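> Take this structure, written in structure tokens, and hold onto it; I'll ask about it next.
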Amino acid sequence: MTLSSIPLTTADVQIAAGGRRNFTLLCAPVMGESVDQMLGQIRKAKEQGADLVEVRLDFLKSFSPKQDLEVLLKQSALPTLVTYRPKWEGGQYEGDDSRRLDALRVAVESGADYVDVELQVAHEFFSSIHGKKPEKVKIIVSSHNYQNTPSSEELGNLVARIQATGADIVKIATTALDISDCAHIFQVLAHSQVPTIAIAMGERGLISRILAAKYGGFLTFGAIEAGVVSAPGQPSIKDLLDLYNLRQLGPDTKVHGVIGKPIGHSKSPHLYNAAFKSVNFNGIYLPLLVDSVANFINAYSSPDFVGYSYTIPHKEDGLRCCDEVDPIAKAIGAISQMIRRPTDGKLIGYNVDYLGAIAAIEEALRASNGASPATISPLAGKLFVVIGAGGAGKALAYGGMEKGARVVVANRTYEKAKELASKVGGQAITLAELENFHPEDGMVLANTTSVGMKPNIDLTPLSKKALSRYRLVFDAIYTPKLTRLLQEAQECGAIPVYGTEMFINQAFVQFERFTGYPAPKQLIRDALAKST
Ligand code: NAP
């Protein structure tokens, strides 16, 4: 396979791939220990949809440059980028550097499409291949920073230094210590005059790898097998193509995401990306691992960053970063969604959690009551016990109050329970008191703590003995769907109401706010079922 079969202009790309909206290449690192293993990995990369492979020579257990490169480059099912990364730049090769550069020269002469050489040795390498480089071979000059991500200005200077070596393609890889570091990478891509690969490594750099396609990165890396990566934070080819719809991203794609910490468990990207695609909405929805909401909001003030969902532990901080807040969200003191108003760029906060949860509880009570009139909430007059006083706890407590329930709040930090209870005209109790709390029968319980959430699925916020006093038990947790709390509630004869129902109901509302389209409800249900 040769480079000529890779589309190189936007027009070619669109023709080649039926509506592909960017020309960022998807490159799969191959890290086999033998040439045969590498060829097998290259075939897999092709099947999965990669455009080219990075052959990491430093992973080979034994290596004879002339013979091995000839076989690899001739038999490769995809165009090749040859890299022989030394230990001093984060690779595996520990031997003599002149032998390493000899091997890279062999790669140049043997028909690699791209050869990667580190900035530190680039001048020496270029002098040695002067006049001998076939026209079609492009040299990538790379610089890796495993400590941090310098400022945009410093990165701009680094790009200039790399360009000055005579590089055909510039590559910089930095380490994201905060998600806002990716904004420096986007600046570099947006301003670069030469083909540029720019990536922030690590969990906090994930969005730089995905949005490379929006900002015109020359390529982004995708792992053939999830977790088997050549650099920290690398997503799989499958996720890039199927979950994030990489080929559909363009300069005008609007960016959305869920802001939380941790965020890896979130199913939201599965739901919203599938839903966006189903209505041809030009948007992407990312998991956003955010340490400081204020830093994130300041770093991504561009009009293309248009909407976020908020989850643990940022719902209250999110509210503080809004320009305007919807009255319910203000009363609750937490937001679950933030939208950038297109007319003036202002950030507006909403809380849609309570809508989803209360609707799910009412529905289940109605179904069990038989014929209660739709105008009166079946929660009216009920004793409604909320465990937790965080974002979801506040939403449930305010929702209960709105529906005329008598609200009781139990929380690990008792002070917070007291504060919330007083706001909703309810009663506060401690978690210890909750164990023996039984003033009447027919009570409704809502867990809004994260106790029992993946990976701690053996935990539960209330003993089974105490659960037997409730008519209905709702759990806000939706990973897993059937928590230990709900399993035990069911065993005690209570009606279980799943967090997935709260999630689905509020997802419909959020989707409509993000896109302006009616929510594809069945598709969202199916996507959630598939991903839980
Ligand atoms: P949050 O604001 O951080 O609040 C967490 C609450 O859990 C606080 O009340 C906290 O008590 C309590 N808590 C945490 N660890 C605890 C422990 N080990 N023992 C006892 N209490 C503990 O979080 P949130 O946004 O409200 O989310 C809470 C849960 O609801 C999460 O599992 C989240 O996934 C889920 N949720 C689900 C949906 C949905 O659509 N289904 C929507 C929103 C949230 P302290 O005050 O003492 O710290």
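For the structure tokens, the naming scheme is as follows: chains receive sequential letters (A, B, ...) according to their order of presentation, residues are indexed from 1 within each chain, and ligands are indexed from 1 in presentation order.
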Write out as CSV a residue-level contact list of chain A versus ligand 1 with cut-off 9 Å: for each qualifying residue the closest pair of atoms and the distance in Å to one decimal, counting only C-alpha atoms and all ligand atoms, rows sorted by chain and residue number upward.

residue,atom,partner,partner_atom_place_in_ligand_line,distance
A:Ser266,CA,ligand 1,34 (O),8.4
A:Tyr310,CA,ligand 1,25 (O),7.9
A:Thr311,CA,ligand 1,25 (O),5.1
A:Ile312,CA,ligand 1,25 (O),4.2
A:Pro313,CA,ligand 1,3 (O),4.3
A:His314,CA,ligand 1,2 (O),7.2
A:Lys315,CA,ligand 1,25 (O),6.3
A:Glu316,CA,ligand 1,2 (O),7.4
A:Ala334,CA,ligand 1,2 (O),8.3
A:Ser336,CA,ligand 1,43 (C),7.6
A:Val352,CA,ligand 1,42 (C),8.8
A:Asp353,CA,ligand 1,42 (C),5.7
A:Tyr354,CA,ligand 1,42 (C),8.5
A:Gly356,CA,ligand 1,40 (O),7.1
A:Ala357,CA,ligand 1,40 (O),7.3
A:Ile387,CA,ligand 1,9 (O),7.1
A:Gly388,CA,ligand 1,9 (O),3.5
A:Ala389,CA,ligand 1,9 (O),4.0
A:Gly390,CA,ligand 1,2 (O),3.3
A:Gly391,CA,ligand 1,26 (O),3.6
A:Ala392,CA,ligand 1,26 (O),3.6
A:Gly393,CA,ligand 1,26 (O),5.5
A:Lys394,CA,ligand 1,26 (O),7.5
A:Ala395,CA,ligand 1,26 (O),8.3
A:Ala410,CA,ligand 1,9 (O),8.5
A:Asn411,CA,ligand 1,9 (O),5.7
A:Arg412,CA,ligand 1,47 (O),3.9
A:Thr413,CA,ligand 1,47 (O),3.8
A:Tyr414,CA,ligand 1,47 (O),7.3
A:Glu415,CA,ligand 1,46 (O),8.5
A:Lys416,CA,ligand 1,46 (O),6.1
A:Ala417,CA,ligand 1,46 (O),7.8
A:Leu431,CA,ligand 1,20 (C),8.1
A:Asn447,CA,ligand 1,30 (O),7.7
A:Thr448,CA,ligand 1,30 (O),4.7
A:Thr449,CA,ligand 1,7 (O),3.3
A:Ser450,CA,ligand 1,32 (O),3.5
A:Val451,CA,ligand 1,17 (C),5.5
A:Gly452,CA,ligand 1,32 (O),7.8
A:Met453,CA,ligand 1,32 (O),5.7
A:Lys454,CA,ligand 1,32 (O),8.7
A:Leu459,CA,ligand 1,18 (N),8.9
A:Thr460,CA,ligand 1,19 (N),8.9
A:Pro461,CA,ligand 1,20 (C),6.6
A:Asp475,CA,ligand 1,41 (N),7.6
A:Ala476,CA,ligand 1,37 (C),4.3
A:Ile477,CA,ligand 1,32 (O),4.3
A:Tyr478,CA,ligand 1,41 (N),5.2
A:Thr479,CA,ligand 1,34 (O),7.4
A:Tyr498,CA,ligand 1,41 (N),7.7
A:Gly499,CA,ligand 1,41 (N),3.9
A:Thr500,CA,ligand 1,41 (N),5.3
A:Glu501,CA,ligand 1,41 (N),6.8
A:Met502,CA,ligand 1,40 (O),4.6
A:Phe503,CA,ligand 1,40 (O),3.1
A:Ile504,CA,ligand 1,40 (O),6.9
A:Asn505,CA,ligand 1,40 (O),7.9
A:Gln506,CA,ligand 1,40 (O),6.6
A:Ala507,CA,ligand 1,40 (O),7.8
> Going by DSSP on the backbone, which bits of range 289-525 of chain A are alpha helix (DSSP H)? Write them as a PyMOL selection string, please.
chain A and resi 293-299+315-320+327-332+353-369+391-402+414-423+431-435+464-467+484-491+499-515+521-525
> Would you save the residues of that selection, restricted to C-alpha atoms, as a compact mmCIF listing (two decimals), in the first residue's frame?

# COMPACT_ATOMS: atom_id res chain seq x y z
CA VAL A 293 -14.42 24.04 36.52
CA ALA A 294 -13.25 27.66 36.50
CA ASN A 295 -9.99 26.73 34.73
CA PHE A 296 -11.89 24.67 32.20
CA ILE A 297 -14.42 27.40 31.44
CA ASN A 298 -11.67 30.03 31.10
CA ALA A 299 -9.58 27.85 28.80
CA LYS A 315 -22.47 20.53 39.97
CA GLU A 316 -22.08 23.28 42.56
CA ASP A 317 -18.88 24.71 41.09
CA GLY A 318 -20.59 24.63 37.69
CA LEU A 319 -23.31 26.90 39.03
CA ARG A 320 -20.69 29.40 40.23
CA PRO A 327 -34.49 29.67 39.09
CA ILE A 328 -34.88 25.95 39.97
CA ALA A 329 -31.15 25.36 39.61
CA LYS A 330 -30.53 28.44 41.77
CA ALA A 331 -32.86 27.12 44.49
CA ILE A 332 -31.19 23.70 44.34
CA ASP A 353 -31.90 16.02 37.46
CA TYR A 354 -35.04 16.53 39.49
CA LEU A 355 -37.32 16.30 36.44
CA GLY A 356 -35.94 12.89 35.51
CA ALA A 357 -35.93 11.36 38.98
CA ILE A 358 -39.29 12.65 40.15
CA ALA A 359 -40.98 11.60 36.91
CA ALA A 360 -39.58 8.06 37.29
CA ILE A 361 -40.75 7.78 40.92
CA GLU A 362 -44.21 9.15 40.13
CA GLU A 363 -44.60 6.78 37.22
CA ALA A 364 -43.78 3.75 39.38
CA LEU A 365 -46.11 4.87 42.18
CA ARG A 366 -48.93 5.48 39.69
CA ALA A 367 -48.41 2.06 38.14
CA SER A 368 -48.69 0.43 41.57
CA ASN A 369 -51.63 2.59 42.73
CA GLY A 391 -26.18 17.78 43.75
CA ALA A 392 -28.58 14.87 43.20
CA GLY A 393 -29.75 15.00 46.83
CA LYS A 394 -30.73 18.65 46.48
CA ALA A 395 -32.53 17.94 43.20
CA LEU A 396 -34.55 15.11 44.74
CA ALA A 397 -35.32 17.07 47.92
CA TYR A 398 -36.54 20.12 45.97
CA GLY A 399 -38.45 17.87 43.57
CA GLY A 400 -40.13 16.13 46.51
CA MET A 401 -41.03 19.45 48.09
CA GLU A 402 -42.49 20.72 44.78
CA TYR A 414 -25.08 16.07 59.11
CA GLU A 415 -24.61 19.83 58.77
CA LYS A 416 -25.39 19.55 55.06
CA ALA A 417 -28.51 17.50 55.79
CA LYS A 418 -29.70 20.22 58.17
CA GLU A 419 -29.06 22.97 55.65
CA LEU A 420 -30.92 21.18 52.86
CA ALA A 421 -33.80 20.11 55.10
CA SER A 422 -34.35 23.66 56.26
CA LYS A 423 -34.44 24.90 52.65
CA LEU A 431 -27.26 8.13 58.84
CA ALA A 432 -27.29 6.27 62.19
CA GLU A 433 -30.83 7.51 62.92
CA LEU A 434 -31.89 6.43 59.45
CA GLU A 435 -31.20 2.79 60.36
CA LYS A 464 -31.62 -4.58 54.28
CA LYS A 465 -33.44 -4.63 57.62
CA ALA A 466 -34.13 -0.89 57.36
CA LEU A 467 -35.22 -1.21 53.73
CA ARG A 484 -27.15 -3.84 45.87
CA LEU A 485 -29.63 -1.36 47.41
CA LEU A 486 -32.24 -2.02 44.72
CA GLN A 487 -31.63 -5.77 44.76
CA GLU A 488 -32.24 -5.88 48.53
CA ALA A 489 -35.21 -3.48 48.30
CA GLN A 490 -36.79 -5.83 45.78
CA GLU A 491 -36.17 -8.78 48.08
CA GLY A 499 -31.23 5.40 38.26
CA THR A 500 -31.24 4.64 34.55
CA GLU A 501 -34.82 6.00 34.40
CA MET A 502 -33.71 9.29 35.95
CA PHE A 503 -30.78 9.36 33.59
CA ILE A 504 -32.90 8.64 30.51
CA ASN A 505 -35.55 11.22 31.36
CA GLN A 506 -33.03 13.98 31.95
CA ALA A 507 -31.03 12.91 28.87
CA PHE A 508 -34.09 13.57 26.70
CA VAL A 509 -34.33 17.10 28.09
CA GLN A 510 -30.58 17.74 27.74
CA PHE A 511 -30.49 16.44 24.17
CA GLU A 512 -33.29 18.80 23.19
CA ARG A 513 -31.47 21.75 24.77
CA PHE A 514 -28.16 20.83 23.12
CA THR A 515 -29.53 20.34 19.62
CA LYS A 521 -36.08 8.42 22.67
CA GLN A 522 -35.88 4.79 21.60
CA LEU A 523 -32.36 5.23 20.24
CA ILE A 524 -31.24 6.79 23.54
CA ARG A 525 -32.85 3.92 25.49
> DSSP on the backbone, strand (DSSP E) only: what residues of range 145-362 of chain A does that give? Format it as an MDAnalysis selection string.
chainID A and resid 169:175 196:201 219:221 254:260 283:289 305:310 324:325 337:340 347:350
> Find the spatial neighbours of Tyr350 in chain A, counting only C-alpha atoms, within a cut-off of 6 Å - ignore same-chain residues fewer than 6 positions away - and output them as a list of chain:residue names.
A:Asp326, A:Ala329, A:Ile335, A:Gln337
> Would you save the residues from that selection as a CSV table (one decimal), in the first residue's frame, using all heavy atoms?

chain,number,residue,atom,x,y,z
A,326,ASP,N,-31.0,29.3,35.9
A,326,ASP,CA,-32.4,29.0,35.9
A,326,ASP,C,-32.9,29.0,37.4
A,326,ASP,O,-32.1,28.5,38.2
A,326,ASP,CB,-32.6,27.7,35.2
A,326,ASP,CG,-33.8,27.0,35.5
A,326,ASP,OD1,-33.9,26.3,36.5
A,326,ASP,OD2,-34.8,27.2,34.7
A,329,ALA,N,-32.6,25.7,39.4
A,329,ALA,CA,-31.2,25.4,39.6
A,329,ALA,C,-30.6,26.2,40.7
A,329,ALA,O,-29.8,25.8,41.6
A,329,ALA,CB,-30.3,25.5,38.3
A,335,ILE,N,-26.1,22.8,39.3
A,335,ILE,CA,-26.6,22.6,37.9
A,335,ILE,C,-26.2,21.2,37.4
A,335,ILE,O,-25.3,20.6,37.9
A,335,ILE,CB,-26.0,23.7,36.9
A,335,ILE,CG1,-24.4,23.6,36.9
A,335,ILE,CG2,-26.4,25.1,37.3
A,335,ILE,CD1,-23.8,24.3,35.7
A,337,GLN,N,-26.7,21.0,33.8
A,337,GLN,CA,-26.5,21.3,32.4
A,337,GLN,C,-26.1,22.7,32.2
A,337,GLN,O,-26.6,23.6,33.0
A,337,GLN,CB,-27.7,21.0,31.5
A,337,GLN,CG,-27.4,21.0,30.0
A,337,GLN,CD,-28.7,20.7,29.2
A,337,GLN,OE1,-29.8,20.8,29.6
A,337,GLN,NE2,-28.4,20.3,27.9
> As an exercise, work out the distance from CA of Ala107 in chain A to CA of Thr196 in chain A in Å and give it to one decimal place.
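Here the two named atoms are 21.3 Å from each other.
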> Go ahead and compute the interatomic distance for CA of Glu33 in chain A and CA of Ile140 in chain A, in Å to one decimal.
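So the answer is 23.6 Å.
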> Can you tell me how far CA of Glu70 in chain A sits from CA of Gly32 in chain A, in Å to one decimal?
16.3 Å
> Neighbours of Arg21 in chain A within 6 Å (only C-alpha atoms; same-chain residues fewer than 3 positions away dropped), as a PyMOL selection string?
chain A and resi 247-250
> Counting only C-alpha atoms, which of A:Leu206, A:Val35, A:Ala275, A:Leu286 gets nearest to Tyr308 in chain A?
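Closest residue, counting only C-alpha atoms: A:Leu286.
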> Just want the 10 Å neighbourhood of range 279-281 of chain A, counted on only C-alpha atoms, with same-chain residues fewer than 5 positions away dropped. Output as a PyMOL selection string.
chain A and resi 248+253-254+273-274+514-520
> From the options A:Asn245, A:Pro269, A:Cys492, A:Lys132, which residue's atoms come nearest to Gly19 in chain A, counting only C-alpha atoms?
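When distances to Gly19 in chain A are compared using only C-alpha atoms, the smallest one comes from A:Asn245.
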